[in-house]
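**Q** What follows is a structure written as structure tokens; I'll ask about it next.
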Amino acid sequence: MIYADLHIHTMYSSDSIIQPKTLIDMLLKHNFIKVAAITDHDSIRACKITKTLASDYPDILIIPGVEISTTAGDMLIIGTEELPPKPWNPQDIIDYAKAIDAISIAAHPYRLYGMGDTIKTLQNIDAIEILNGGSSLTANQQAKQTAKELHISGTAGSDAHQTTDLFNVYNKIQTNLNTDNILHAIKKGLITTVHTTTTNT
Ligand SMILES: [Zn+2]
């Protein structure tokens, strides 16, 4: 079992102040969350730097990713160190993620910049973020309902823009500390979301 935060912004997102080194330190200090996905807004600049910093420590793992401002709302791609080609239509992003063995996730769908019910018109999206650290309970519940309706996996992400937001929600994933295995397990639904203050989804 591994524990992961799948939605984190570094200082390479214009609206975040988290430094790559701080994120690494937080993972090293945490008792059990040892995996973090970097998902800056429309930028992959932090991925290589942070992965390199993490490579000195075998018990933590950085998964590169990005949060794309698609024409219909925000979408995460987890498992990429490259930006997809434009135009950034949601269906093209899903297809791109699939082609490079990454995964596509609708970020905070029922909040500002979320895709809302557009998700229901898309083909083969891998997951929906059903627990976003910055979303209201109602918005998260609605996302959970949509994931259930569509029979796709639900993920959690702090959507941290400052260190105090990090790991406020996280995922329990039934696999080991390996990026490909983690992505595979998410697609297979071997994932549970946890809110740190309520102990449960
Ligand atoms: Zn975000």
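Ordering of the structure tokens sets the chain letters (A, B, ...); residue numbers start at 1 within each chain; ligands are numbered from 1 in the order shown.
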Residues of range 84-163 of chain A classed as alpha helix (DSSP H) by DSSP on the backbone are to be reported as a list in words.
**A** Pro90, Gln91, Asp92, Ile93, Ile94, Asp95, Tyr96, Ala97, Lys98, Ala99, Leu137, Thr138, Ala139, Asn140, Gln141, Gln142, Ala143, Lys144, Gln145, Thr146, Ala147, Lys148, Glu149 and Leu150 of chain A
**Q** Please dump the current selection as an mmCIF file, in the first residue's frame; keep C-alpha atoms.
**A**
```cif
data_model
loop_
_atom_site.group_PDB
_atom_site.id
_atom_site.type_symbol
_atom_site.label_atom_id
_atom_site.label_comp_id
_atom_site.auth_asym_id
_atom_site.auth_seq_id
_atom_site.Cartn_x
_atom_site.Cartn_y
_atom_site.Cartn_z
ATOM 1 C CA PRO A 90 -10.706 17.805 -23.173
ATOM 2 C CA GLN A 91 -11.114 14.829 -25.512
ATOM 3 C CA ASP A 92 -7.718 15.498 -27.106
ATOM 4 C CA ILE A 93 -6.118 15.637 -23.650
ATOM 5 C CA ILE A 94 -7.668 12.284 -22.699
ATOM 6 C CA ASP A 95 -6.478 10.713 -25.944
ATOM 7 C CA TYR A 96 -3.002 12.195 -25.515
ATOM 8 C CA ALA A 97 -2.728 10.829 -21.963
ATOM 9 C CA LYS A 98 -3.761 7.383 -23.160
ATOM 10 C CA ALA A 99 -1.263 7.430 -26.038
ATOM 11 C CA LEU A 137 -18.149 19.272 0.577
ATOM 12 C CA THR A 138 -21.054 19.638 -1.863
ATOM 13 C CA ALA A 139 -18.756 20.004 -4.888
ATOM 14 C CA ASN A 140 -16.770 16.928 -3.832
ATOM 15 C CA GLN A 141 -19.937 14.904 -3.215
ATOM 16 C CA GLN A 142 -21.241 15.827 -6.660
ATOM 17 C CA ALA A 143 -17.937 14.705 -8.220
ATOM 18 C CA LYS A 144 -18.141 11.428 -6.309
ATOM 19 C CA GLN A 145 -21.649 10.866 -7.619
ATOM 20 C CA THR A 146 -20.543 11.449 -11.217
ATOM 21 C CA ALA A 147 -17.618 9.013 -10.838
ATOM 22 C CA LYS A 148 -20.048 6.422 -9.504
ATOM 23 C CA GLU A 149 -22.475 7.001 -12.383
ATOM 24 C CA LEU A 150 -19.717 6.650 -14.968
#
```
**Q** Using only C-alpha atoms and all ligand atoms, tabulate the residues of chain A lying at most 10 Å from any atom of ligand 1, each with its closest atom pair and that distance in Å to one decimal, by chain and increasing residue number, as CSV.
**A**
```
residue,atom,partner,partner_atom_place_in_ligand_line,distance
A:Leu6,CA,ligand 1,1 (Zn),9.9
A:His7,CA,ligand 1,1 (Zn),6.3
A:Ile8,CA,ligand 1,1 (Zn),6.7
A:His9,CA,ligand 1,1 (Zn),6.5
A:Ser13,CA,ligand 1,1 (Zn),9.2
A:Asp15,CA,ligand 1,1 (Zn),9.8
A:Ser16,CA,ligand 1,1 (Zn),9.7
A:Ile38,CA,ligand 1,1 (Zn),9.7
A:Thr39,CA,ligand 1,1 (Zn),6.8
A:Asp40,CA,ligand 1,1 (Zn),6.9
A:His41,CA,ligand 1,1 (Zn),6.8
A:Val66,CA,ligand 1,1 (Zn),8.9
A:Glu67,CA,ligand 1,1 (Zn),6.3
A:Ile68,CA,ligand 1,1 (Zn),9.2
A:Ser69,CA,ligand 1,1 (Zn),9.8
A:Asp74,CA,ligand 1,1 (Zn),7.8
A:Met75,CA,ligand 1,1 (Zn),8.8
A:Leu76,CA,ligand 1,1 (Zn),8.2
A:Ala107,CA,ligand 1,1 (Zn),7.2
A:His108,CA,ligand 1,1 (Zn),8.2
A:Tyr113,CA,ligand 1,1 (Zn),9.6
A:Asn132,CA,ligand 1,1 (Zn),8.8
A:Gly133,CA,ligand 1,1 (Zn),9.7
A:Gly134,CA,ligand 1,1 (Zn),8.8
A:Gly157,CA,ligand 1,1 (Zn),8.5
A:Ser158,CA,ligand 1,1 (Zn),8.4
A:Asp159,CA,ligand 1,1 (Zn),4.7
A:Ala160,CA,ligand 1,1 (Zn),7.3
A:His161,CA,ligand 1,1 (Zn),8.0
```
**Q** Could you give me, as a short mmCIF file (atom, residue, chain, number, x, y, z; two decimals) with N, CA and C atoms, in the first residue's frame, the residues within 9 Å of range 22-24 of chain A, counting only C-alpha atoms and dropping anything in the same chain fewer than 3 positions from it?
**A**
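Contents of result23.cif, freshly written:
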```cif
data_model
loop_
_atom_site.label_atom_id
_atom_site.label_comp_id
_atom_site.auth_asym_id
_atom_site.auth_seq_id
_atom_site.Cartn_x
_atom_site.Cartn_y
_atom_site.Cartn_z
N THR A 10 3.62 23.78 -7.51
CA THR A 10 4.86 24.35 -7.01
C THR A 10 4.94 25.81 -7.44
N ILE A 18 5.01 26.99 -3.19
CA ILE A 18 5.71 25.79 -2.69
C ILE A 18 6.97 25.54 -3.52
N GLN A 19 8.09 25.46 -2.83
CA GLN A 19 9.35 25.19 -3.53
C GLN A 19 9.55 23.68 -3.63
N LEU A 27 7.69 15.37 2.28
CA LEU A 27 7.51 13.92 2.05
C LEU A 27 8.44 13.12 2.96
N LEU A 28 9.66 13.60 3.11
CA LEU A 28 10.63 12.88 3.95
C LEU A 28 10.18 12.87 5.41
N LYS A 29 9.56 13.99 5.82
CA LYS A 29 9.14 14.12 7.22
C LYS A 29 7.85 13.36 7.52
N ALA A 36 4.03 12.06 -4.32
CA ALA A 36 3.38 13.33 -4.66
C ALA A 36 3.39 13.52 -6.17
N THR A 50 12.20 18.55 -9.51
CA THR A 50 11.74 17.90 -8.29
C THR A 50 12.07 16.41 -8.31
N LEU A 53 15.67 16.01 -7.40
CA LEU A 53 15.87 16.17 -5.95
C LEU A 53 15.45 14.90 -5.21
N ALA A 54 14.33 14.29 -5.66
CA ALA A 54 13.79 13.10 -4.98
C ALA A 54 14.64 11.86 -5.22
N ILE A 60 10.83 7.88 -1.29
CA ILE A 60 9.81 8.83 -1.74
C ILE A 60 9.76 8.81 -3.28
N ILE A 62 8.24 11.09 -6.74
CA ILE A 62 7.58 12.22 -7.38
C ILE A 62 7.03 11.74 -8.72
N THR A 163 2.47 25.40 1.59
CA THR A 163 2.85 24.16 2.28
C THR A 163 1.80 23.71 3.29
N LEU A 166 -0.62 21.16 1.93
CA LEU A 166 -0.14 19.85 1.45
C LEU A 166 -0.73 18.70 2.28
#
```
**Q** Select, from A:Thr71, A:Trp88, A:Asp180, A:Ile100, the residue with the minimum atom-to-atom distance to Gly114 in chain A, counting only C-alpha atoms.
**A** A:Thr71
**Q** Counting only C-alpha atoms, which residue out of A:Thr164, A:Lys48, A:Pro85, A:Thr197 sits closest to Ile17 in chain A?
**A** A:Thr164
**Q** Could you name the residues that touch range 182-184 of chain A at 8 Å or less, counting only C-alpha atoms, but leaving out those on the same chain fewer than 2 positions away, as a PyMOL selection string?
**A** chain A and resi 78-79+102-103+173+175-180+186-188
**Q** Please identify which residues in range 14-153 of chain A DSSP calls strand (DSSP E) from the backbone, and express them as a PyMOL selection string.
**A** chain A and resi 33-41+61-70+73-78+103-106+127-132+153
**Q** Mind dumping the selected residues with N, CA and C atoms as a short mmCIF file (atom, residue, chain, number, x, y, z; two decimals), in the first residue's frame?
**A**
```cif
data_model
loop_
_atom_site.label_atom_id
_atom_site.label_comp_id
_atom_site.auth_asym_id
_atom_site.auth_seq_id
_atom_site.Cartn_x
_atom_site.Cartn_y
_atom_site.Cartn_z
N ILE A 33 2.81 9.41 3.95
CA ILE A 33 2.61 9.91 2.58
C ILE A 33 3.99 10.11 1.95
N LYS A 34 4.28 9.29 0.95
CA LYS A 34 5.63 9.30 0.37
C LYS A 34 5.60 9.52 -1.14
N VAL A 35 4.38 9.78 -1.67
CA VAL A 35 4.24 9.96 -3.12
C VAL A 35 3.50 11.26 -3.38
N ALA A 36 4.03 12.06 -4.32
CA ALA A 36 3.38 13.33 -4.66
C ALA A 36 3.39 13.52 -6.17
N ALA A 37 2.25 13.92 -6.71
CA ALA A 37 2.19 14.25 -8.14
C ALA A 37 2.25 15.77 -8.28
N ILE A 38 3.15 16.20 -9.13
CA ILE A 38 3.29 17.64 -9.40
C ILE A 38 2.38 17.99 -10.56
N THR A 39 1.48 18.94 -10.32
CA THR A 39 0.50 19.30 -11.36
C THR A 39 0.38 20.83 -11.44
N ASP A 40 1.42 21.46 -11.97
CA ASP A 40 1.38 22.92 -12.11
C ASP A 40 0.43 23.30 -13.25
N HIS A 41 -0.05 24.54 -13.20
CA HIS A 41 -0.94 25.03 -14.25
C HIS A 41 -0.19 25.18 -15.57
N LEU A 61 8.61 9.23 -3.81
CA LEU A 61 8.44 9.19 -5.26
C LEU A 61 7.69 10.43 -5.73
N ILE A 62 8.24 11.09 -6.74
CA ILE A 62 7.58 12.22 -7.38
C ILE A 62 7.03 11.74 -8.72
N ILE A 63 5.73 11.93 -8.92
CA ILE A 63 5.13 11.58 -10.22
C ILE A 63 4.94 12.89 -10.99
N PRO A 64 5.54 12.99 -12.18
CA PRO A 64 5.39 14.22 -12.95
C PRO A 64 4.00 14.32 -13.56
N GLY A 65 3.49 15.55 -13.64
CA GLY A 65 2.18 15.74 -14.24
C GLY A 65 1.96 17.21 -14.54
N VAL A 66 0.72 17.54 -14.89
CA VAL A 66 0.38 18.91 -15.24
C VAL A 66 -1.13 19.09 -15.08
N GLU A 67 -1.54 20.32 -14.79
CA GLU A 67 -2.97 20.63 -14.79
C GLU A 67 -3.23 21.53 -16.00
N ILE A 68 -3.91 20.98 -16.97
CA ILE A 68 -4.14 21.69 -18.23
C ILE A 68 -5.45 22.49 -18.16
N SER A 69 -5.35 23.76 -18.56
CA SER A 69 -6.56 24.58 -18.68
C SER A 69 -7.20 24.25 -20.03
N THR A 70 -8.07 23.24 -20.04
CA THR A 70 -8.68 22.87 -21.32
C THR A 70 -9.80 23.87 -21.65
N GLY A 73 -12.49 23.32 -19.02
CA GLY A 73 -12.20 23.30 -17.59
C GLY A 73 -10.90 22.54 -17.32
N ASP A 74 -10.51 22.50 -16.04
CA ASP A 74 -9.20 21.94 -15.69
C ASP A 74 -9.16 20.42 -15.74
N MET A 75 -8.05 19.93 -16.28
CA MET A 75 -7.85 18.49 -16.32
C MET A 75 -6.41 18.17 -15.95
N LEU A 76 -6.23 17.14 -15.09
CA LEU A 76 -4.89 16.71 -14.71
C LEU A 76 -4.43 15.62 -15.65
N ILE A 77 -3.15 15.68 -16.02
CA ILE A 77 -2.51 14.52 -16.65
C ILE A 77 -1.43 14.09 -15.68
N ILE A 78 -1.49 12.85 -15.24
CA ILE A 78 -0.50 12.32 -14.30
C ILE A 78 0.36 11.31 -15.03
N ILE A 103 -2.32 9.14 -17.25
CA ILE A 103 -3.76 9.08 -17.01
C ILE A 103 -4.36 10.49 -16.98
N SER A 104 -5.64 10.56 -17.35
CA SER A 104 -6.36 11.83 -17.37
C SER A 104 -7.37 11.85 -16.23
N ILE A 105 -7.43 12.97 -15.54
CA ILE A 105 -8.34 13.11 -14.39
C ILE A 105 -9.04 14.47 -14.48
N ALA A 106 -10.36 14.47 -14.39
CA ALA A 106 -11.10 15.74 -14.34
C ALA A 106 -10.86 16.36 -12.97
N ALA A 127 -10.21 9.04 -14.69
CA ALA A 127 -10.66 9.23 -13.31
C ALA A 127 -11.24 10.63 -13.11
N ILE A 128 -11.92 10.78 -11.99
CA ILE A 128 -12.45 12.08 -11.58
C ILE A 128 -11.91 12.39 -10.20
N GLU A 129 -11.50 13.63 -9.99
CA GLU A 129 -11.04 14.02 -8.66
C GLU A 129 -12.27 14.21 -7.78
N ILE A 130 -12.50 13.25 -6.88
CA ILE A 130 -13.72 13.28 -6.07
C ILE A 130 -13.49 13.92 -4.70
N LEU A 131 -12.21 14.14 -4.38
CA LEU A 131 -11.89 14.80 -3.11
C LEU A 131 -10.76 15.80 -3.37
N ASN A 132 -11.15 17.07 -3.53
CA ASN A 132 -10.18 18.14 -3.76
C ASN A 132 -10.08 18.97 -2.48
N SER A 153 -12.73 5.60 -11.70
CA SER A 153 -12.03 5.79 -10.43
C SER A 153 -12.15 7.22 -9.92
#
```
**Q** Counting only C-alpha atoms, which residue out of A:Val194, A:Met115, A:Ile2, A:Leu122 sits closest to Gly154 in chain A?
**A** A:Val194
**Q** Between CA of Tyr12 in chain A and CA of Glu81 in chain A, what is the distance in Å, rounded to a tenth?
**A**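 Computed distance, CA of Tyr12 in chain A to CA of Glu81 in chain A, equals 13.9 Å.
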**Q** Near Thr193 in chain A, counting only C-alpha atoms, which residues have an atom at most 7 Å away, once you skip same-chain residues fewer than 6 positions from it, shown as a short mmCIF file (atom, residue, chain, number, x, y, z; two decimals) with N, CA and C atoms, in the first residue's frame?
**A**
```cif
data_model
loop_
_atom_site.label_atom_id
_atom_site.label_comp_id
_atom_site.auth_asym_id
_atom_site.auth_seq_id
_atom_site.Cartn_x
_atom_site.Cartn_y
_atom_site.Cartn_z
N LEU A 131 -12.21 14.14 -4.38
CA LEU A 131 -11.89 14.80 -3.11
C LEU A 131 -10.76 15.80 -3.37
N THR A 155 -10.21 10.10 -7.41
CA THR A 155 -8.92 10.40 -6.80
C THR A 155 -9.05 11.58 -5.83
N ALA A 156 -8.02 11.74 -4.98
CA ALA A 156 -7.95 12.87 -4.07
C ALA A 156 -6.69 13.67 -4.34
N TYR A 170 -5.64 12.76 0.83
CA TYR A 170 -4.66 11.88 0.17
C TYR A 170 -5.34 10.60 -0.30
N ASN A 171 -4.57 9.77 -1.02
CA ASN A 171 -5.09 8.51 -1.55
C ASN A 171 -4.33 7.35 -0.95
N LYS A 172 -5.08 6.25 -0.71
CA LYS A 172 -4.46 4.97 -0.36
C LYS A 172 -4.52 4.15 -1.63
N THR A 201 -13.62 8.94 3.54
CA THR A 201 -13.97 9.69 2.34
C THR A 201 -15.04 10.71 2.71
#
```
**Q** Looking at A:Thr121, A:Asn89, A:Ser135, A:Thr52, which one is nearest to Pro109 in chain A, with distances taken over only C-alpha atoms?
**A** A:Ser135
**Q** Check the smallest atom-to-atom distance from each of A:His151, A:Lys21, A:Arg45, A:His195 to Phe167 in chain A using only C-alpha atoms, then report the winner.
**A**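 Closest residue, counting only C-alpha atoms: A:His195.
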**Q** I'd like the interatomic distance between CA of Ile44 in chain A and CA of Thr192 in chain A, to a tenth of an Å.
**A** 26.7 Å
**Q** Please determine, counting only C-alpha atoms, which residue among A:Arg111, A:Lys86, A:Asn31, A:Asp5 has the shortest atom-to-atom distance to Asp165 in chain A.
**A**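 With only C-alpha atoms as the atom set, the closest residue is A:Asp5.
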